[in-house]
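**Q** Take a look at this one; I'll ask things after.
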Number of protein chains: 2
Amino acid sequence: MKLNVTQENLSRALSTVSRVASSRGSLPILSNVLLKTTNNQLMVAATNLDIAITETIGAKIDQKGSITVPARLMQDFISSLPSGTLLLEVKENKLFITADRFKSTINGLSAEEFPTMPTLDGGSTLEFTSKEIKQTLQQVLFTASSDDARPVLTGVYINGENKKMFIAATDSYRLAEKKLKKEFSGSPLLIPAASLTELLRSLKDDEEVLGVTYDEQQARFSVSGIEIVTRLVEGKYPDYKKLLPSTFETTAKLTRQSLNEITKVSSLFAREAAGSITLVVDEASSEVSISSIASQVGENTATAKATISGSATITMNSRYILDALQAFDGEEIQININGKLDPCVLTDPNDDSYLHLIMPVKS
Amino acid sequence: MKLNVTQENLSRALSTVSRVASSRGSLPILSNVLLKTTNNQLMVAATNLDIAITETIGAKIDQKGSITVPARLMQDFISSLPSGTLLLEVKENKLFITADRFKSTINGLSAEEFPTMPTLDGGSTLEFTSKEIKQTLQQVLFTASSDDARPVLTGVYINGENKKMFIAATDSYRLAEKKLKKEFSGSPLLIPAASLTELLRSLKDDEEVLGVTYDEQQARFSVSGIEIVTRLVEGKYPDYKKLLPSTFETTAKLTRQSLNEITKVSSLFAREAAGSITLVVDEASSEVSISSIASQVGENTATAKATISGSATITMNSRYILDALQAFDGEEIQININGKLDPCVLTDPNDDSYLHLIMPVKS
């Protein structure tokens, strides 16, 4: 292998793919990044066997070839170099990198020892704009479970109903669902949240198209020269729609900022109670108040004005409320409550495309 | 105690003093912050027995008194409140805090159980501008030792010679010395670097005067309503001036940015060798080059153009060079070398007020 690339392109590709290279696994070569010439381009790739990321960049190829080198060293090194053209050359499993005033040798391993990158032939396809899927992932990803005890809950669930696409995630304590104005038919798709976290890092706030191709085992995301191939999560997703109440006895509408403020202040006093706070909606005083559960350190009650119908008291984890409020971007928020043992649902009164459900704490 | 303060003032004072309150010590009350009325002001104070910090803020006092409350909770809570006036009231070792829409109680401990804040009567005095001492501390503090095995090296040493004041610190591997255009006579002063780190956090880049009062055991710093009292380090500081070479066989002058760049890149290959790199000054080629010590992962040589007199090779810890380069602010840097076992001294060719000495690694 012998080729020229720009420092900028190589550095960007390394930072995209290196994140999945890990030195923790049992296979040392998985901490390496694969460099491989392909049709006058350079393919930069890494995998942790669950996810494989590839970025293909422009290069002037003098001689075809491939090598794998330690991902972290390679990334740190290339990103430290000044911008300009780099000469990359492979001789006997060593990568020689030459720039204007820099000469380096990195000891590598043969690309033949690297796992075969997964491919996906045929399958169904979907398209999103980068901006739309980025916002959606920011709204639902954090509610997926990180606990492997129930693998299905570590996935993000894409399903269709009435010519709409729904993207949902839940860790069984809270649930987020986004509705997209898009048709989705066929079998639902369950994608590991960890893979979507990698995808999210590569998405920009623009109109570029993200293509998704999938079959029953795998999905491939393609955007801006980057390809991410991930296995899908196996198993049946819970029928979460049954959990979503269709009517509410009590609703309170207030500014998102004030709910955030009173929750945050009360959460400081709820540390011993694992974050439990009690939310009271009082129609008579037109106030929402949040108190911390009585604790050794002290106690707190904070109130905010609200437009209220019905009265209710519910105990919840303050962290879940704070997380949820981050996922909205409107100025107002609506709190929807039935009984104290029923889920509380947060919505934006001016936008019905997103809902966030929080299970109460039994108090 | 019953008083009004603004959220802004109380929050600032808590963030200044709370840093020294620690829950790690053997005395639980040291994790508390002391609130005490004093002459129509509120004194906010904390101590770890080595350092005591006090900030006095304006308050409308209705009733004198005092209390101590957990520093972290109090700071987090007050900083979460919206700006405005707060009512603070003490009843039976409980602090009641009331703001517009917030009502809190924090359980405290009596101020009588709090250690007496140290005082300093008489003693010598010094004055600095906030800006000048801030820059000096940023240049020397990081070279003080954090290892209690040799307590004197955990101090910063202020001494005088020829109507100049010198402020120096060393961990025996490197040494920084700043020369100030100020007279200093009398016995040298050895101040714990940890206390100066606290002081540094309170200093602004302005012309405000920092007053220092000291005797043989303690020093007190006063600036912008903040007082820091620290014990001094006991023991005799090494006669470091003997270490400073007066002439050099080899000098190289280059831009600080290029020395930083070539050191940083080579340091990536020096991780296995604990950061050791070899610096070569070559008069014939007018180049300074830095190579990483041969390692398992690979090797690197990086070069930069320089104005050179004499040739030399020396092995040093790359982290010390990178740290030192941060302490300079000029565009150019001069490397001064004698033998490969003698200290290397970095200076600014256009400013002789600061020097940074690095001991070589025996290679």
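Letters for chains follow the order of the structure tokens (A, B, ...), residue numbers begin at 1 for each chain, and ligand numbers begin at 1 in the order shown.
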As a PyMOL selection string, please: the residues near stretch 162-164 of chain A (cut-off 8 Å, only C-alpha atoms, same-chain neighbours under 3 positions excluded).

**A** chain A and resi 179-185

**Q** Counting only C-alpha atoms, collect the residues of chain B whose closest atom lies at most 6 Å from chain A, and write them out as number ranges by chain.

**A** B: 80, 101-107, 265, 297-303

**Q** Looking at A:Thr56, A:Asn32, A:Thr313, A:Asn48, which one is nearest to A:Leu10, with distances taken over only C-alpha atoms?

**A**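 So, comparing all the options, the nearest one is A:Thr56.
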
**Q** When DSSP is applied to the backbone of this structure, which of stretch 74-258 of chain A are assigned strand (DSSP E or B)? Write them out as a ChimeraX atom specification.

**A** /A:85-91,94-99,102-107,109,124-129,155-161,164-170,174-180,189-192,209-214,218-223,226-231,250-255

**Q** Fewer than 2 positions away in the same chain doesn't count, so skip those; otherwise give me all residues within 10 Å of B:Leu190, counting only C-alpha atoms, as a count of residues only.

**A** 26

**Q** I'd like the contact shell of A:Phe248 - 8 Å cut-off, only C-alpha atoms, skipping same-chain residues fewer than 2 positions apart - returned as a tab-separated table (two decimals) with N, CA and C atoms, in the first residue's frame.

**A**
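The resulting part.tsv:
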chain	number	residue	atom	x	y	z
A	245	PRO	N	-52.09	6.00	28.39
A	245	PRO	CA	-53.48	6.35	28.69
A	245	PRO	C	-54.03	7.23	27.57
A	246	SER	N	-55.32	7.09	27.27
A	246	SER	CA	-55.89	7.94	26.22
A	246	SER	C	-56.56	9.18	26.80
A	250	THR	N	-56.29	14.74	35.33
A	250	THR	CA	-55.67	15.99	35.76
A	250	THR	C	-54.64	16.43	34.73
A	251	THR	N	-54.69	17.71	34.35
A	251	THR	CA	-53.64	18.25	33.47
A	251	THR	C	-53.17	19.60	34.02
A	336	ASN	N	-49.67	15.35	32.54
A	336	ASN	CA	-50.94	14.63	32.45
A	336	ASN	C	-50.93	13.48	33.46
A	337	ILE	N	-51.92	13.47	34.36
A	337	ILE	CA	-51.93	12.49	35.44
A	337	ILE	C	-53.30	11.84	35.57
A	338	ASN	N	-53.34	10.53	35.86
A	338	ASN	CA	-54.56	9.88	36.33
A	338	ASN	C	-54.35	9.60	37.81

**Q** Given only C-alpha atoms as the basis, pick out the residue of B:Gly58, B:Gly310, B:Gly339, B:Pro238 nearest to B:Pro151.

**A**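 Using only C-alpha atoms, B:Pro151 sits closest to B:Pro238.
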
**Q** Please compute the atom CA of A:Asp50-atom CA of A:Gly211 distance, one decimal, in Å.

**A**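 Computed distance, atom CA of A:Asp50 to atom CA of A:Gly211, equals 19.4 Å.
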
**Q** Suppose you want the space between atom CA of A:Thr143 and atom CA of A:Ser353; what is it in Å?

**A** 16.6 Å

**Q** List the spatial neighbours of stretch 195-208 of chain B as a PDB file with all heavy atoms, in the first residue's frame - criterion: any atom at most 7 Å away, only C-alpha atoms, same-chain residues fewer than 4 positions off excluded.

**A**
ATOM      1  N   ILE B  51      -6.239  25.380  55.684  1.00  0.00           N
ATOM      2  CA  ILE B  51      -6.627  26.628  55.031  1.00  0.00           C
ATOM      3  C   ILE B  51      -8.009  27.016  55.551  1.00  0.00           C
ATOM      4  O   ILE B  51      -8.860  26.148  55.723  1.00  0.00           O
ATOM      5  CB  ILE B  51      -6.780  26.452  53.497  1.00  0.00           C
ATOM      6  CG1 ILE B  51      -5.608  25.654  52.926  1.00  0.00           C
ATOM      7  CG2 ILE B  51      -6.916  27.791  52.806  1.00  0.00           C
ATOM      8  CD1 ILE B  51      -5.849  25.214  51.491  1.00  0.00           C
ATOM      9  N   THR B 129      -0.617  43.192  42.577  1.00  0.00           N
ATOM     10  CA  THR B 129      -1.887  43.352  41.880  1.00  0.00           C
ATOM     11  C   THR B 129      -2.404  41.950  41.608  1.00  0.00           C
ATOM     12  O   THR B 129      -1.645  40.991  41.464  1.00  0.00           O
ATOM     13  CB  THR B 129      -1.772  44.112  40.543  1.00  0.00           C
ATOM     14  OG1 THR B 129      -1.035  43.302  39.634  1.00  0.00           O
ATOM     15  CG2 THR B 129      -1.090  45.455  40.714  1.00  0.00           C
ATOM     16  N   SER B 130      -3.725  41.839  41.541  1.00  0.00           N
ATOM     17  CA  SER B 130      -4.369  40.554  41.315  1.00  0.00           C
ATOM     18  C   SER B 130      -3.822  39.912  40.033  1.00  0.00           C
ATOM     19  O   SER B 130      -3.481  38.737  39.994  1.00  0.00           O
ATOM     20  CB  SER B 130      -5.873  40.802  41.200  1.00  0.00           C
ATOM     21  OG  SER B 130      -6.579  39.613  41.171  1.00  0.00           O
ATOM     22  N   LYS B 131      -3.697  40.728  38.996  1.00  0.00           N
ATOM     23  CA  LYS B 131      -3.225  40.267  37.696  1.00  0.00           C
ATOM     24  C   LYS B 131      -1.815  39.694  37.755  1.00  0.00           C
ATOM     25  O   LYS B 131      -1.524  38.633  37.207  1.00  0.00           O
ATOM     26  CB  LYS B 131      -3.239  41.490  36.770  1.00  0.00           C
ATOM     27  CG  LYS B 131      -3.030  41.227  35.323  1.00  0.00           C
ATOM     28  CD  LYS B 131      -3.217  42.546  34.575  1.00  0.00           C
ATOM     29  CE  LYS B 131      -2.809  42.394  33.119  1.00  0.00           C
ATOM     30  NZ  LYS B 131      -3.105  43.619  32.378  1.00  0.00           N
ATOM     31  N   LYS B 134      -1.645  36.475  39.789  1.00  0.00           N
ATOM     32  CA  LYS B 134      -2.345  35.410  39.061  1.00  0.00           C
ATOM     33  C   LYS B 134      -1.442  34.811  37.978  1.00  0.00           C
ATOM     34  O   LYS B 134      -1.287  33.594  37.885  1.00  0.00           O
ATOM     35  CB  LYS B 134      -3.623  35.970  38.422  1.00  0.00           C
ATOM     36  CG  LYS B 134      -4.440  34.919  37.716  1.00  0.00           C
ATOM     37  CD  LYS B 134      -5.758  35.463  37.204  1.00  0.00           C
ATOM     38  CE  LYS B 134      -6.516  34.335  36.497  1.00  0.00           C
ATOM     39  NZ  LYS B 134      -7.804  34.762  35.971  1.00  0.00           N
ATOM     40  N   LEU B 137       1.400  32.780  39.639  1.00  0.00           N
ATOM     41  CA  LEU B 137       0.972  31.477  40.163  1.00  0.00           C
ATOM     42  C   LEU B 137       0.723  30.488  39.026  1.00  0.00           C
ATOM     43  O   LEU B 137       1.064  29.313  39.125  1.00  0.00           O
ATOM     44  CB  LEU B 137      -0.284  31.642  41.030  1.00  0.00           C
ATOM     45  CG  LEU B 137      -0.068  32.399  42.342  1.00  0.00           C
ATOM     46  CD1 LEU B 137      -1.381  32.545  43.104  1.00  0.00           C
ATOM     47  CD2 LEU B 137       0.976  31.708  43.220  1.00  0.00           C
ATOM     48  N   THR B 230      -3.705  30.672  55.725  1.00  0.00           N
ATOM     49  CA  THR B 230      -3.061  29.363  55.554  1.00  0.00           C
ATOM     50  C   THR B 230      -1.893  29.231  56.513  1.00  0.00           C
ATOM     51  O   THR B 230      -1.233  30.219  56.830  1.00  0.00           O
ATOM     52  CB  THR B 230      -2.560  29.179  54.106  1.00  0.00           C
ATOM     53  OG1 THR B 230      -1.796  27.971  54.039  1.00  0.00           O
ATOM     54  CG2 THR B 230      -1.659  30.324  53.651  1.00  0.00           C
TER      55      THR B 230
END

**Q** Give me the residues near A:Leu30 as a PyMOL selection string, where near means some atom within 8 Å (using only C-alpha atoms) and where sequence neighbours in that chain fewer than 4 positions away do not count.

**A** chain A and resi 21-23+25+46-48+114

**Q** Using only C-alpha atoms, determine which residues lie at most 9 Å from stretch 315-324 of chain A, disregarding the query and same-chain residues fewer than 6 positions distant; provide the list as an MDAnalysis selection string.

**A** chainID A and resid 139 142:143 173:174 176 259:260 263:264 266:267 270 274:280 340:341 344 346 356:363

**Q** Can I get the selection written as a compact mmCIF listing (two decimals), in the first residue's frame, with N, CA and C atoms?

**A**
# COMPACT_ATOMS: atom_id res chain seq x y z
N GLN A 139 -34.28 12.55 21.44
CA GLN A 139 -35.48 12.51 22.28
C GLN A 139 -35.79 11.14 22.86
N PHE A 142 -32.08 8.05 25.20
CA PHE A 142 -31.70 7.97 26.61
C PHE A 142 -32.68 7.18 27.47
N THR A 143 -33.86 6.88 26.93
CA THR A 143 -34.80 6.09 27.74
C THR A 143 -34.64 4.59 27.52
N TYR A 173 -39.11 2.01 33.34
CA TYR A 173 -39.43 3.05 34.32
C TYR A 173 -39.97 4.31 33.62
N ARG A 174 -39.56 4.45 32.35
CA ARG A 174 -40.00 5.61 31.57
C ARG A 174 -40.01 5.18 30.11
N ALA A 176 -40.27 6.88 25.96
CA ALA A 176 -40.38 8.03 25.06
C ALA A 176 -40.86 7.53 23.72
N LEU A 259 -40.89 24.38 35.44
CA LEU A 259 -40.94 23.00 35.94
C LEU A 259 -39.52 22.46 36.17
N ASN A 260 -38.63 22.82 35.25
CA ASN A 260 -37.23 22.39 35.39
C ASN A 260 -36.63 22.96 36.68
N THR A 263 -38.14 21.38 39.91
CA THR A 263 -37.73 19.98 40.04
C THR A 263 -36.27 19.89 40.48
N LYS A 264 -35.44 20.72 39.85
CA LYS A 264 -34.00 20.70 40.13
C LYS A 264 -33.72 21.06 41.59
N SER A 266 -35.74 20.88 44.18
CA SER A 266 -36.22 19.85 45.11
C SER A 266 -35.38 18.58 45.05
N SER A 267 -34.81 18.29 43.86
CA SER A 267 -34.03 17.06 43.72
C SER A 267 -32.79 17.10 44.62
N ALA A 270 -33.49 15.44 47.67
CA ALA A 270 -34.02 14.09 47.51
C ALA A 270 -32.92 13.06 47.30
N ALA A 274 -33.05 8.57 46.87
CA ALA A 274 -32.81 8.14 45.49
C ALA A 274 -33.54 9.02 44.49
N GLY A 275 -33.70 10.30 44.83
CA GLY A 275 -34.27 11.24 43.88
C GLY A 275 -35.79 11.38 43.92
N SER A 276 -36.46 10.65 44.82
CA SER A 276 -37.93 10.72 44.86
C SER A 276 -38.43 12.08 45.31
N ILE A 277 -39.36 12.64 44.56
CA ILE A 277 -40.00 13.89 44.93
C ILE A 277 -41.52 13.73 44.76
N THR A 278 -42.27 14.57 45.44
CA THR A 278 -43.71 14.50 45.32
C THR A 278 -44.23 15.73 44.59
N LEU A 279 -44.98 15.48 43.51
CA LEU A 279 -45.51 16.58 42.70
C LEU A 279 -47.00 16.71 43.02
N VAL A 280 -47.41 17.93 43.35
CA VAL A 280 -48.82 18.19 43.66
C VAL A 280 -49.38 19.19 42.65
N LYS A 340 -52.40 8.06 41.39
CA LYS A 340 -51.02 8.16 41.88
C LYS A 340 -50.20 6.91 41.56
N LEU A 341 -50.86 5.84 41.09
CA LEU A 341 -50.12 4.64 40.70
C LEU A 341 -50.08 4.48 39.18
N CYS A 344 -47.41 8.99 34.63
CA CYS A 344 -47.55 10.42 34.35
C CYS A 344 -46.99 10.65 32.96
N LEU A 346 -45.75 13.41 30.06
CA LEU A 346 -45.39 14.79 29.72
C LEU A 346 -45.56 14.98 28.22
N HIS A 356 -43.64 11.64 26.59
CA HIS A 356 -42.68 11.06 27.51
C HIS A 356 -43.43 10.59 28.75
N LEU A 357 -43.38 9.28 28.99
CA LEU A 357 -44.13 8.68 30.09
C LEU A 357 -43.19 8.32 31.23
N ILE A 358 -43.59 8.65 32.45
CA ILE A 358 -42.78 8.31 33.62
C ILE A 358 -43.64 7.52 34.61
N MET A 359 -43.14 6.36 35.02
CA MET A 359 -43.86 5.56 36.01
C MET A 359 -43.69 6.19 37.39
N PRO A 360 -44.74 6.18 38.22
CA PRO A 360 -44.60 6.76 39.56
C PRO A 360 -43.77 5.84 40.46
N VAL A 361 -43.25 6.42 41.53
CA VAL A 361 -42.60 5.64 42.57
C VAL A 361 -43.69 5.33 43.58
N LYS A 362 -43.75 4.08 44.04
CA LYS A 362 -44.77 3.78 45.05
C LYS A 362 -44.36 4.42 46.36
N SER A 363 -45.21 5.30 46.90
CA SER A 363 -44.83 5.99 48.13
C SER A 363 -45.77 5.63 49.27

**Q** Could you find all residues in stretch 40-149 of chain A that DSSP calls alpha helix (DSSP H) from the backbone, and write them as a PyMOL selection string?

**A** chain A and resi 71-80+130-140

**Q** Give me, please, the distance in Å between atom CA of B:Asn350 and atom CA of B:Phe166, quoted to one decimal.

**A** 18.7 Å
